[in-house]
Structures are given as C-alpha cells and as structure tokens.
file coords-v2.txt (compact mmCIF, C-alpha atoms and all ligand atoms)
# COMPACT_ATOMS: atom_id res chain seq x y z
CA MET O 1 93.76 117.64 69.67
CA ASN O 2 95.83 114.93 71.33
CA ALA O 3 99.56 114.27 70.93
CA LYS O 4 100.49 110.73 69.91
CA ILE O 5 103.91 109.16 69.55
CA ALA O 6 104.21 108.85 65.78
CA GLY O 7 107.82 107.65 65.74
CA ILE O 8 110.42 106.56 68.25
CA GLY O 9 114.15 105.80 68.14
CA PHE O 10 117.19 105.40 70.34
CA PHE O 11 120.92 105.38 69.89
CA VAL O 12 123.70 104.31 72.24
CA PRO O 13 127.45 104.50 71.57
CA GLU O 14 129.17 101.33 70.42
CA ARG O 15 131.65 101.16 73.28
CA ILE O 16 130.52 98.82 76.07
CA VAL O 17 132.10 99.45 79.47
CA THR O 18 131.67 96.52 81.84
CA ASN O 19 131.77 96.69 85.62
CA GLU O 20 135.01 94.73 85.39
CA GLU O 21 136.59 97.57 83.37
CA LEU O 22 135.65 100.08 86.09
CA THR O 23 137.39 97.95 88.73
CA LYS O 24 140.67 98.80 86.98
CA LEU O 25 140.06 102.52 87.62
CA MET O 26 138.57 102.56 91.11
CA ASP O 27 138.16 100.45 94.21
CA THR O 28 134.91 98.65 93.41
CA THR O 29 133.68 95.21 92.42
CA SER O 30 131.21 94.01 89.85
CA GLU O 31 129.33 92.20 92.64
CA TRP O 32 128.88 95.46 94.60
CA ILE O 33 127.58 97.30 91.54
CA VAL O 34 125.18 94.54 90.49
CA GLU O 35 123.90 93.99 94.00
CA ARG O 36 123.23 97.68 94.75
CA THR O 37 122.14 98.91 91.31
CA GLY O 38 121.50 95.98 88.95
CA ILE O 39 123.92 97.50 86.42
CA GLU O 40 126.21 95.11 84.51
CA GLU O 41 127.50 97.40 81.80
CA ARG O 42 126.97 100.81 80.25
CA ARG O 43 127.96 102.64 77.04
CA TYR O 44 130.48 105.49 76.76
CA VAL O 45 130.98 107.75 73.75
CA GLU O 46 134.15 107.91 71.75
CA LYS O 47 135.61 111.01 73.39
CA HIS O 48 135.54 114.18 71.27
CA LYS O 49 133.98 112.30 68.34
CA GLU O 50 130.47 111.81 69.72
CA THR O 51 128.64 114.42 71.79
CA THR O 52 125.25 114.78 73.43
CA SER O 53 123.77 116.38 70.32
CA THR O 54 125.29 113.86 67.89
CA LEU O 55 123.81 110.95 69.88
CA ALA O 56 120.51 112.85 69.87
CA ALA O 57 120.68 113.31 66.10
CA GLU O 58 121.08 109.56 65.52
CA ALA O 59 118.08 108.76 67.73
CA ALA O 60 116.06 111.60 66.14
CA LYS O 61 116.68 110.38 62.57
CA ILE O 62 115.26 106.96 63.47
CA ALA O 63 112.21 108.48 65.19
CA ILE O 64 111.52 110.83 62.26
CA GLU O 65 111.82 108.04 59.69
CA ARG O 66 109.55 105.74 61.70
CA ALA O 67 106.98 108.56 61.85
CA GLY O 68 107.02 108.57 58.04
CA LEU O 69 108.29 112.15 58.04
CA THR O 70 111.37 114.04 56.90
CA THR O 71 113.35 116.45 59.04
CA GLN O 72 111.62 119.31 57.22
CA ASP O 73 108.25 118.26 58.70
CA ILE O 74 109.45 118.95 62.26
CA ASP O 75 107.97 122.18 63.68
CA PHE O 76 109.80 122.42 67.01
CA ILE O 77 112.48 120.69 69.10
CA VAL O 78 112.43 120.04 72.86
CA PHE O 79 115.78 118.74 74.12
CA ALA O 80 116.26 117.40 77.66
CA THR O 81 119.78 116.94 79.00
CA LEU O 82 121.97 117.66 82.00
CA SER O 83 125.16 117.10 80.03
CA PRO O 84 125.01 119.56 77.13
CA ASP O 85 127.68 119.93 74.45
CA TYR O 86 128.31 123.53 75.59
CA TYR O 87 127.44 125.44 78.75
CA PHE O 88 125.50 127.60 76.31
CA PRO O 89 123.90 127.60 73.79
CA GLY O 90 121.81 124.55 74.61
CA SER O 91 122.06 121.31 72.69
CA GLY O 92 118.69 121.91 70.96
CA VAL O 93 120.17 124.30 68.42
CA LEU O 94 123.07 121.92 67.75
CA LEU O 95 120.62 119.10 67.09
CA GLN O 96 118.72 121.41 64.76
CA ARG O 97 121.98 122.08 62.89
CA HIS O 98 122.84 118.36 62.65
CA LEU O 99 119.40 117.69 61.19
CA GLY O 100 119.61 120.64 58.78
CA ILE O 101 116.34 122.25 59.87
CA LYS O 102 116.75 126.01 59.88
CA GLY O 103 114.45 128.44 61.64
CA ILE O 104 112.30 126.25 63.89
CA GLY O 105 112.33 126.89 67.65
CA CYS O 106 114.47 124.81 70.01
CA LEU O 107 113.83 124.58 73.73
CA ASP O 108 116.25 123.02 76.21
CA VAL O 109 114.87 121.38 79.33
CA ARG O 110 116.99 121.11 82.50
CA THR O 111 115.17 118.83 84.87
CA GLN O 112 117.67 115.97 84.89
CA CYS O 113 116.22 112.47 85.32
CA THR O 114 112.68 113.84 84.96
CA GLY O 115 113.75 115.76 81.85
CA PHE O 116 111.95 113.58 79.34
CA ILE O 117 108.64 113.74 81.24
CA TYR O 118 108.89 117.55 81.42
CA ALA O 119 109.86 117.66 77.74
CA ILE O 120 106.89 115.63 76.47
CA SER O 121 104.57 117.54 78.78
CA VAL O 122 105.67 120.85 77.24
CA ALA O 123 105.38 119.43 73.72
CA ASP O 124 101.93 118.02 74.55
CA GLN O 125 100.68 121.48 75.52
CA TYR O 126 101.92 123.02 72.25
CA ILE O 127 100.11 120.32 70.30
CA LYS O 128 96.91 120.61 72.35
CA THR O 129 96.79 124.36 71.71
CA GLY O 130 97.33 123.81 67.99
CA MET O 131 100.62 125.72 67.88
CA TYR O 132 102.68 122.83 66.42
CA LYS O 133 101.89 119.52 64.69
CA ASN O 134 105.13 117.54 64.77
CA ILE O 135 107.49 118.06 67.67
CA LEU O 136 110.79 116.27 68.08
CA VAL O 137 111.34 115.47 71.76
CA VAL O 138 114.76 114.17 72.72
CA GLY O 139 116.57 113.07 75.87
CA ALA O 140 120.33 112.61 75.52
CA GLU O 141 123.30 112.41 77.84
CA VAL O 142 127.06 112.03 77.74
CA HIS O 143 127.83 111.35 81.39
CA SER O 144 131.20 109.78 80.71
CA ALA O 145 132.66 113.23 79.98
CA GLY O 146 131.98 114.50 83.51
CA LEU O 147 132.41 111.62 85.95
CA ASP O 148 135.12 111.16 88.58
CA PHE O 149 136.75 107.85 87.72
CA THR O 150 138.73 107.64 90.95
CA THR O 151 137.58 105.83 94.08
CA ARG O 152 136.32 109.17 95.44
CA GLY O 153 133.59 109.29 92.80
CA ARG O 154 132.71 105.60 92.74
CA ASN O 155 129.21 105.92 94.22
CA VAL O 156 128.20 108.14 91.27
CA SER O 157 130.43 106.95 88.44
CA VAL O 158 129.38 103.31 88.40
CA ILE O 159 125.74 104.29 87.90
CA PHE O 160 125.72 106.56 84.87
CA GLY O 161 125.98 105.86 81.14
CA ASP O 162 125.67 107.62 77.76
CA GLY O 163 122.82 107.41 75.25
CA ALA O 164 119.91 109.13 73.53
CA GLY O 165 116.24 108.51 72.85
CA ALA O 166 113.77 110.48 70.74
CA VAL O 167 110.11 110.60 69.85
CA VAL O 168 108.07 112.54 67.32
CA LEU O 169 104.94 113.80 69.02
CA GLN O 170 102.25 114.37 66.46
CA ALA O 171 98.82 115.98 66.59
CA THR O 172 95.93 113.54 66.24
CA GLU O 173 92.17 114.11 66.29
CA ASP O 174 91.71 110.71 67.92
CA GLU O 175 91.22 111.80 71.53
CA THR O 176 91.49 108.24 72.87
CA LYS O 177 95.12 107.99 71.71
CA GLY O 178 98.38 109.55 72.76
CA ILE O 179 99.33 111.44 75.90
CA LEU O 180 96.37 111.35 78.29
CA THR O 181 97.97 113.19 81.18
CA THR O 182 101.28 114.37 82.58
CA ASN O 183 102.18 115.53 86.07
CA LEU O 184 105.31 117.50 86.94
CA HIS O 185 106.77 118.15 90.39
CA ALA O 186 109.86 119.58 92.06
CA ASP O 187 111.22 120.44 95.47
CA GLY O 188 114.28 122.69 95.36
CA GLU O 189 114.89 122.20 99.05
CA TYR O 190 116.90 119.14 98.06
CA ALA O 191 118.82 120.69 95.16
CA GLU O 192 122.28 119.97 96.57
CA HIS O 193 121.66 116.27 97.24
CA LEU O 194 122.31 115.39 93.60
CA ALA O 195 124.13 118.16 91.79
CA PHE O 196 127.07 119.26 89.68
CA PHE O 197 128.12 122.60 91.20
CA ASN O 198 130.91 123.99 89.06
CA PRO O 199 131.12 125.94 86.88
CA GLY O 200 128.26 127.99 88.28
CA THR O 201 127.49 131.43 89.63
CA HIS O 202 126.65 130.20 93.13
CA GLY O 203 129.52 130.92 95.55
CA GLY O 204 128.98 128.01 97.91
CA ALA O 205 128.77 129.93 101.19
CA PHE O 206 126.22 132.39 99.83
CA LEU O 207 123.86 129.69 98.62
CA LYS O 208 124.17 127.95 101.94
CA ASP O 209 122.98 131.15 103.63
CA GLN O 210 119.99 131.12 101.27
CA GLY O 211 118.90 127.70 102.50
CA GLY O 212 121.08 125.51 100.29
CA LEU O 213 122.71 122.54 101.91
CA ASP O 214 126.39 122.35 102.64
CA TYR O 215 128.33 120.10 100.33
CA PRO O 216 131.70 118.46 100.64
CA ASN O 217 135.08 119.96 99.84
CA GLU O 218 133.91 123.13 98.21
CA PRO O 219 132.13 125.46 100.64
CA ASP O 220 133.50 128.71 99.23
CA LEU O 221 133.98 127.75 95.62
CA GLY O 222 131.83 128.77 92.73
CA GLY O 223 132.33 130.74 89.57
CA MET O 224 131.93 130.45 85.86
CA HIS O 225 135.65 129.95 85.37
CA LEU O 226 137.22 126.81 86.73
CA THR O 227 139.99 127.82 89.11
CA GLN O 228 143.09 126.03 90.29
CA GLU O 229 141.48 125.76 93.72
CA MET O 230 138.48 123.95 92.25
CA LEU O 231 140.82 121.56 90.46
CA ASP O 232 142.94 121.05 93.59
CA LYS O 233 139.86 120.33 95.70
CA GLU O 234 138.42 118.19 92.89
CA ALA O 235 135.25 120.29 93.06
CA ILE O 236 134.53 119.57 89.41
CA TYR O 237 132.52 116.37 89.65
CA PRO O 238 128.90 115.46 90.32
CA HIS O 239 127.91 114.99 93.95
CA MET O 240 125.21 112.56 95.11
CA ASN O 241 123.86 111.71 98.52
CA GLY O 242 122.84 108.22 97.36
CA ARG O 243 120.86 107.06 100.36
CA TYR O 244 118.88 110.29 100.52
CA VAL O 245 118.07 110.10 96.81
CA PHE O 246 116.99 106.48 97.20
CA LYS O 247 114.69 107.26 100.10
CA HIS O 248 112.89 110.07 98.26
CA ALA O 249 112.75 108.17 94.97
CA VAL O 250 110.81 105.24 96.42
CA GLU O 251 108.18 107.68 97.76
CA LYS O 252 107.86 110.03 94.80
CA PHE O 253 107.80 107.48 91.95
CA PRO O 254 104.63 105.79 93.29
CA ALA O 255 103.01 109.15 94.11
CA ALA O 256 103.47 110.33 90.51
CA ILE O 257 102.10 107.04 89.12
CA GLU O 258 99.06 107.20 91.40
CA GLU O 259 98.41 110.80 90.39
CA ALA O 260 98.53 109.84 86.71
CA CYS O 261 96.09 106.97 87.32
CA GLU O 262 93.71 109.28 89.13
CA ALA O 263 93.86 111.85 86.35
CA VAL O 264 92.76 109.34 83.70
CA GLY O 265 90.36 107.43 85.98
CA CYS O 266 92.20 104.12 86.05
CA THR O 267 94.04 102.03 88.62
CA ALA O 268 97.59 100.69 88.47
CA ASP O 269 96.07 97.34 87.46
CA ASP O 270 95.01 98.90 84.15
CA ILE O 271 98.59 99.83 83.22
CA ASN O 272 99.90 97.43 80.56
CA MET O 273 103.49 98.65 80.72
CA LEU O 274 105.37 100.80 83.22
CA ILE O 275 108.49 102.46 81.83
CA PRO O 276 110.29 103.85 84.87
CA HIS O 277 113.29 106.12 84.61
CA GLN O 278 116.16 103.64 84.92
CA ALA O 279 117.63 105.07 88.13
CA ASN O 280 118.50 101.89 89.97
CA LEU O 281 117.04 98.38 89.59
CA ARG O 282 116.45 98.26 93.34
CA ILE O 283 114.28 101.40 93.20
CA THR O 284 112.25 99.93 90.32
CA GLN O 285 111.81 96.63 92.16
CA MET O 286 110.41 98.47 95.17
CA ILE O 287 107.90 100.29 92.94
CA GLN O 288 106.98 97.01 91.27
CA LEU O 289 106.40 95.38 94.63
CA LYS O 290 104.29 98.28 95.87
CA PHE O 291 101.89 98.08 92.93
CA GLY O 292 102.07 94.30 92.51
CA PHE O 293 103.13 94.56 88.85
CA GLU O 294 104.16 91.28 87.21
CA ASP O 295 107.63 91.31 85.59
CA GLU O 296 106.05 91.58 82.09
CA ARG O 297 104.45 94.90 83.04
CA VAL O 298 107.67 96.70 84.01
CA TYR O 299 110.50 97.31 81.55
CA ASN O 300 114.10 97.37 82.79
CA ASN O 301 117.24 97.79 80.74
CA ILE O 302 119.48 99.50 83.30
CA GLN O 303 121.50 96.26 83.33
CA LYS O 304 122.85 97.13 79.84
CA TYR O 305 122.92 100.93 79.79
CA GLY O 306 123.18 102.16 83.38
CA ASN O 307 121.32 105.32 84.29
CA THR O 308 121.19 107.58 81.22
CA THR O 309 119.17 110.31 83.00
CA ALA O 310 116.97 112.21 80.49
CA ALA O 311 117.60 109.52 77.86
CA SER O 312 116.61 106.54 79.97
CA ILE O 313 112.82 106.67 79.47
CA PRO O 314 112.85 107.10 75.67
CA ILE O 315 115.54 104.42 75.32
CA ALA O 316 113.55 101.97 77.46
CA LEU O 317 110.26 102.89 75.78
CA CYS O 318 111.77 102.37 72.34
CA GLU O 319 113.44 99.09 73.23
CA ALA O 320 110.22 97.73 74.77
CA TRP O 321 108.29 98.75 71.66
CA GLU O 322 110.89 97.23 69.32
CA LYS O 323 110.58 93.93 71.22
CA GLY O 324 106.82 93.95 70.63
CA LEU O 325 106.08 94.43 74.33
CA ILE O 326 103.93 97.52 73.69
CA LYS O 327 100.95 97.11 71.37
CA ASP O 328 98.28 99.38 69.92
CA GLY O 329 95.77 100.35 72.58
CA ASP O 330 98.08 99.57 75.52
CA LEU O 331 98.11 101.93 78.50
CA VAL O 332 101.75 102.92 79.05
CA CYS O 333 102.89 104.80 82.14
CA LEU O 334 106.19 106.72 82.22
CA ALA O 335 107.52 107.81 85.62
CA ALA O 336 110.68 109.52 86.81
CA PHE O 337 112.48 110.95 89.80
CA GLY O 338 115.81 112.73 89.98
CA SER O 339 118.00 115.70 90.74
CA GLY O 340 116.21 118.87 91.80
CA PHE O 341 114.50 116.96 93.29
CA THR O 342 112.13 116.63 90.36
CA TRP O 343 109.58 113.91 89.66
CA GLY O 344 106.58 113.24 87.48
CA ALA O 345 104.67 110.79 85.31
CA ALA O 346 102.87 110.53 82.00
CA MET O 347 100.09 108.20 80.89
CA ILE O 348 99.95 107.30 77.21
CA ARG O 349 97.37 105.29 75.26
CA TRP O 350 99.55 103.67 72.56
N1 LIG W 401 131.95 100.20 94.99
C1 LIG W 401 132.22 99.73 96.22
N2 LIG W 401 131.84 100.38 97.34
C2 LIG W 401 131.17 101.53 97.21
C3 LIG W 401 130.85 102.07 95.95
C4 LIG W 401 131.28 101.35 94.80
N3 LIG W 401 131.02 101.77 93.56
N4 LIG W 401 130.18 103.21 96.13
C5 LIG W 401 130.06 103.41 97.45
N5 LIG W 401 130.66 102.38 98.10
C6 LIG W 401 130.80 102.18 99.54
C7 LIG W 401 130.72 103.46 100.32
O1 LIG W 401 131.97 104.11 100.35
C8 LIG W 401 130.30 102.96 101.68
O2 LIG W 401 131.43 102.47 102.35
P1 LIG W 401 131.59 102.66 103.94
O3 LIG W 401 130.43 101.94 104.54
O4 LIG W 401 132.91 102.04 104.21
O5 LIG W 401 131.54 104.13 104.18
C9 LIG W 401 129.39 101.77 101.36
O6 LIG W 401 129.71 101.40 100.01
C10 LIG W 401 127.94 102.10 101.46
O7 LIG W 401 127.74 103.35 100.79
P2 LIG W 401 126.32 103.96 100.59
O8 LIG W 401 126.42 105.16 99.72
O9 LIG W 401 125.66 104.11 101.91
O10 LIG W 401 125.69 102.73 99.80
P3 LIG W 401 124.21 102.46 99.40
O11 LIG W 401 123.82 101.14 99.88
O12 LIG W 401 123.32 103.61 99.70
O13 LIG W 401 124.35 102.36 97.80
C11 LIG W 401 123.92 103.72 95.89
C12 LIG W 401 124.83 103.44 97.07
C13 LIG W 401 124.42 104.94 95.16
C14 LIG W 401 123.92 102.51 94.97
C15 LIG W 401 122.48 103.93 96.45
O14 LIG W 401 122.49 104.86 97.48
C16 LIG W 401 121.56 104.40 95.38
O15 LIG W 401 121.31 103.71 94.41
N6 LIG W 401 120.96 105.58 95.58
C17 LIG W 401 120.09 106.16 94.57
C18 LIG W 401 120.94 106.67 93.50
C19 LIG W 401 120.16 107.02 92.30
O16 LIG W 401 119.22 106.36 91.95
N7 LIG W 401 120.59 108.07 91.65
C20 LIG W 401 120.00 108.51 90.47
C21 LIG W 401 118.75 109.20 90.78
S1 LIG W 401 117.99 109.58 89.36
call {"tool": "encode", "arguments": {"input": "coords-v2.txt", "output": "structure tokens", "more": "lines below"}}
Ligand code: COA
result
Amino acid sequence: MNAKIAGIGFFVPERIVTNEELTKLMDTTSEWIVERTGIEERRYVEKHKETTSTLAAEAAKIAIERAGLTTQDIDFIVFATLSPDYYFPGSGVLLQRHLGIKGIGCLDVRTQCTGFIYAISVADQYIKTGMYKNILVVGAEVHSAGLDFTTRGRNVSVIFGDGAGAVVLQATEDETKGILTTNLHADGEYAEHLAFFNPGTHGGAFLKDQGGLDYPNEPDLGGMHLTQEMLDKEAIYPHMNGRYVFKHAVEKFPAAIEEACEAVGCTADDINMLIPHQANLRITQMIQLKFGFEDERVYNNIQKYGNTTAASIPIALCEAWEKGLIKDGDLVCLAAFGSGFTWGAAMIRW
C-alpha cells in the first residue's frame, strides 16, 4: 500500500502586513528585509478571532473536498505546529472538533519547520501498515501572536507569518504513486539556537548544566507560570541565532534531498519540482545553485507569506499545484530544516 495525496488545500488570513507596516513598529527597512530574506509581506490573523486550529480547519475543508471525501471519511489527524491554540491539549483535537469528527485519533507533531515532513512520514507509515486509509495531515501556525514587535525582536519578527496547509493522504494500491520515501533527522545539541523558552519546565541554569547552550537575558528563568521577572526581562519571545541557523540550513537541506534521491534511485536532475520549506529566499537560492535547478523547478512563495514554519510546505505545494506547475507523474521533492535542529525530506510521485 502506498500513500498518495488525494486532496490538498491552504488557507491564509486576509490581513496582509507589508514590510513598510513593520517599519512603524521597529527599527528596520523594507530593503533590509527583502535583501536578507526575500520577504515582501506576510499574513497575520485577526487577533482572538482566528487561531491555529481555525486556520487549519479552513485548509482541511478544502483538502477534504478536493479528495472527494467528507469529514466523516477521515480516519486520523496529524497536526504539526509550534504555535498551538493552547499549551495543552494539542491543536489536533481542536481541529477535530471544528470539523465535527468525533472519536478518531489526533496526533500533534512538534518538530517546527520540519513538522510537515515528520507529519506526512508518520501518516505514511500508518497507511503502509494498513491501519488507516484517509489521514488528514495539517501544518498550521499563528506566529503573530508570539512575536516581539520591538526592535529587540526584529531579526525574528520580520521573518514569520501565519497560515495553514493540509493534505489528505490516502491509501492506494498503485505502488508507483504517492510518497516514495521520507527521511527524518534531528540534532538536539543545537536546541537553544532557535527556541521559545517560556513557559517551560526548564530552569535555564539547570539545562545549561545538562549541555544546553546559554541564551540571552534569561539564564535562571523557567517555569510553567509566566512571572513578573520573565516579563521584566522580556524572556517571553522566540530567540534565534540567525547566522548559525543559516549556516546549518544550507548544509542539511541538500543532505536531506540527496538522501531522498538515493532512497528512490534517482538524481536531483530527475526532480520535476522542489518544494523547500520557505525559511529564507537566500537559503533556497543556495540550494538551487548547489543542485543547478532551473527557476521552474523550485517553488518560492516566501515573498508573499514569510516563513510559516510547519505550514510553509503544504501552502507552497498547494499553490504550485493550483498554478498547474505540478502534473500527474511528476517527481516532487519536499525538504525542510528548522528548530531542534530538525531536518528531512520526502519524495512524492504525483
Ligand atoms: N532590520 C534591520 N536590521 C536588522 C534586522 C532587521 N529586521 N534584524 C537584524 N538586524 C541587524 C542586526 O542587529 C545586526 O546589526 P549590527 O551589525 O549592528 O549588530 C545586522 O542586522 C546583522 O545581523 P545578523 O543577524 O548578523 O544578520 P544576517 O545577515 O545573519 O541576517 C537573518 C539575519 C535572520 C535574516 C539571517 O541570519 C537568516 O536568515 N538566518 C536564517 C534564519 C532562518 O531561516 N530561520 C528560520 C529557520 S527555519
């Protein structure tokens, strides 16, 4: 049994936030953002009216309809996000509630930018073993709720945006179609280079003793309740060592793509479309250069949506497919790198 993508959809909030708008909140320029990241604008939710799971539900409904199914045909949900509606329970059960499907299992995946690759890999295994036939796999994020919109947070805040993408993975007896391989990797040594520390059970100094890296402004903070000290030290925002992330990303993306090629016995030349996680246009351009891909064989939409973490691959995949850039029989490679560090790739015969 193989798992094919039977339906795909994406949903982004209506509100467009341009680089120019961010310059009113922090010391940055549109030129800086475009030059370093390629991003021109991103979408933000309407605060307290749209959440991670409501964006996911909109994307999921489109994917389910395009698969020719109803919500009642879905056997299982895999939900990838780093920005859940609640600390717990995970957003999977909230999506299940929005869709009105009672009783089916919901699994939340927490591997950040590589979340969608991990999620489809898990779903693929359930389908291969015959446990489920139609699995809804979603990546969704609401970053705008957690960013630091002052100059202090500018290196992170200009990059990220909100959105959701979904696929229905369906069992097929056609072994030439669908997900051919996935590879998943992580190296926790670098966990603190791109992280959101609080609330958490860590206690900064303790984790440092355990091999974690030091991080700015909050060495002794940590706890499940936000404290006045955390607020005073502004230890409530994501932290990113941008250069370090960049350096590792340009090594690990190609390694994951090469591994996927090897697993299916092809070369990068055989890939019709590469859908990279939309981390940074400069990272993607370096990957493109390394493999010698023509522009038509790499899909980028970070210019419009920013980095939407677990949602970025399904959004880009869906948009490329809607534009007719992915056709039946095409070899499509998905690849990602992100916080953890985590990285991985998937090869799909469309
Ligand atoms: N606007 C203007 N200046 C900014 C800025 C912004 N939004 N963000 C940072 N800067 C400044 C810094 O303060 C620094 O100033 P200084 O030299 O006076 O200290 C200068 O720009 C260079 O900062 P640095 O962080 O070294 O820039 P960079 O060239 O590495 O670019 C990133 C920053 C974040 C764009 C880049 O590191 C990057 O893209 N990294 C990968 C991030 C990523 O992909 N994350 C997601 C992974 S899934």
call {"tool": "atom_distance", "arguments": {"input": "coords-v2.txt", "atom1": "CA of Ile117 (chain O)", "atom2": "CA of Glu141 (chain O)"}}
result
15.1 Å
call {"tool": "atom_distance", "arguments": {"input": "coords-v2.txt", "atom1": "atom C12 of ligand LIG 401 (chain W)", "atom2": "CA of His185 (chain O)"}}
result
24.2 Å
call {"tool": "residues_near_ligand", "arguments": {"input": "coords-v2.txt", "ligand": "ligand LIG 401 (chain W)", "cutoff": "7 Å", "atoms": "only C-alpha atoms and all ligand atoms", "output": "list in words"}}
result
Asp27, Thr28, Thr29, Trp32, Ile33, Arg36, Thr37, Cys113, Arg154, Asn155, Val156, Val158, Gly242, Arg243, Val245, Phe246, Ala279, Asn280, Thr309, Phe337, Gly338 and Ser339 of chain O
call {"tool": "atom_distance", "arguments": {"input": "coords-v2.txt", "atom1": "CA of Pro13 (chain O)", "atom2": "CA of Glu41 (chain O)"}}
result
12.5 Å
call {"tool": "residues_around", "arguments": {"input": "coords-v2.txt", "residues": "Gly161 (chain O)", "least_positions_apart": "2", "cutoff": "6 Å", "atoms": "only C-alpha atoms", "output": "number ranges by chain"}}
result
O: 42-43, 143, 305-308
call {"tool": "residues_around", "arguments": {"input": "coords-v2.txt", "residues": "region 289-295 of chain O", "least_positions_apart": "3", "cutoff": "8 Å", "atoms": "all atoms listed in the file", "output": "ChimeraX atom specification"}}
result
/O:254,268-269,285-286,298-299
call {"tool": "residues_around", "arguments": {"input": "coords-v2.txt", "residues": "region 122-135 of chain O", "least_positions_apart": "4", "cutoff": "6 Å", "atoms": "all atoms listed in the file", "output": "ChimeraX atom specification"}}
result
/O:1-3,74-77,168-171
call {"tool": "residues_around", "arguments": {"input": "coords-v2.txt", "residues": "Ile326 (chain O)", "least_positions_apart": "4", "cutoff": "10 Å", "atoms": "only C-alpha atoms", "output": "list in words"}}
result
Asn272, Met273, Arg297, Leu317, Cys318, Glu319, Ala320, Trp321, Glu322, Asp330, Leu331, Val332 and Trp350 of chain O
call {"tool": "residues_around", "arguments": {"input": "coords-v2.txt", "residues": "Ala310 (chain O)", "least_positions_apart": "4", "cutoff": "9 Å", "atoms": "all atoms listed in the file", "output": "short mmCIF file (atom, residue, chain, number, x, y, z; two decimals) with C-alpha atoms, keeping the file's coordinate frame"}}
result
data_model
loop_
_atom_site.label_atom_id
_atom_site.label_comp_id
_atom_site.auth_asym_id
_atom_site.auth_seq_id
_atom_site.Cartn_x
_atom_site.Cartn_y
_atom_site.Cartn_z
CA ALA O 80 116.26 117.40 77.66
CA THR O 81 119.78 116.94 79.00
CA LEU O 82 121.97 117.66 82.00
CA THR O 111 115.17 118.83 84.87
CA GLN O 112 117.67 115.97 84.89
CA CYS O 113 116.22 112.47 85.32
CA THR O 114 112.68 113.84 84.96
CA GLY O 115 113.75 115.76 81.85
CA PHE O 116 111.95 113.58 79.34
CA ILE O 117 108.64 113.74 81.24
CA VAL O 138 114.76 114.17 72.72
CA GLY O 139 116.57 113.07 75.87
CA ALA O 140 120.33 112.61 75.52
CA GLU O 141 123.30 112.41 77.84
CA ALA O 164 119.91 109.13 73.53
CA GLY O 165 116.24 108.51 72.85
CA HIS O 277 113.29 106.12 84.61
CA PRO O 314 112.85 107.10 75.67
#
call {"tool": "residues_near_point", "arguments": {"input": "coords-v2.txt", "point": "(127.1, 118.3, 74.4)", "cutoff": "6 Å", "atoms": "only C-alpha atoms", "output": "PDB file with C-alpha atoms, keeping the file's coordinate frame"}}
result
ATOM      1  CA  THR O  51     128.640 114.420  71.790  1.00  0.00           C
ATOM      2  CA  THR O  52     125.250 114.780  73.430  1.00  0.00           C
ATOM      3  CA  SER O  53     123.770 116.380  70.320  1.00  0.00           C
ATOM      4  CA  PRO O  84     125.010 119.560  77.130  1.00  0.00           C
ATOM      5  CA  ASP O  85     127.680 119.930  74.450  1.00  0.00           C
ATOM      6  CA  TYR O  86     128.310 123.530  75.590  1.00  0.00           C
TER       7      TYR O  86
END
call {"tool": "closest_residue", "arguments": {"input": "coords-v2.txt", "among": "O:Thr150, O:Thr23, O:Thr71, O:Thr54", "to": "Phe10 (chain O)", "atoms": "only C-alpha atoms"}}
result
O:Thr54
call {"tool": "closest_residue", "arguments": {"input": "coords-v2.txt", "among": "O:Ala6, O:Ile313, O:Ala57, O:Val45", "to": "Arg97 (chain O)", "atoms": "only C-alpha atoms"}}
result
O:Ala57
call {"tool": "closest_residue", "arguments": {"input": "coords-v2.txt", "among": "O:Gln228, O:Thr172, O:Ser312, O:Thr284", "to": "Phe11 (chain O)", "atoms": "only C-alpha atoms"}}
result
O:Ser312
call {"tool": "closest_residue", "arguments": {"input": "coords-v2.txt", "among": "O:Gln278, O:Asn198, O:Asn241, O:Thr182", "to": "Ala256 (chain O)", "atoms": "only C-alpha atoms"}}
result
O:Thr182
call {"tool": "closest_residue", "arguments": {"input": "coords-v2.txt", "among": "O:Arg66, O:Lys233, O:His248, O:Arg152", "to": "Tyr190 (chain O)", "atoms": "all atoms listed in the file"}}
result
O:His248
call {"tool": "closest_residue", "arguments": {"input": "coords-v2.txt", "among": "O:Met347, O:Ile236, O:Cys266, O:Val17", "to": "Asp148 (chain O)", "atoms": "only C-alpha atoms"}}
result
O:Ile236
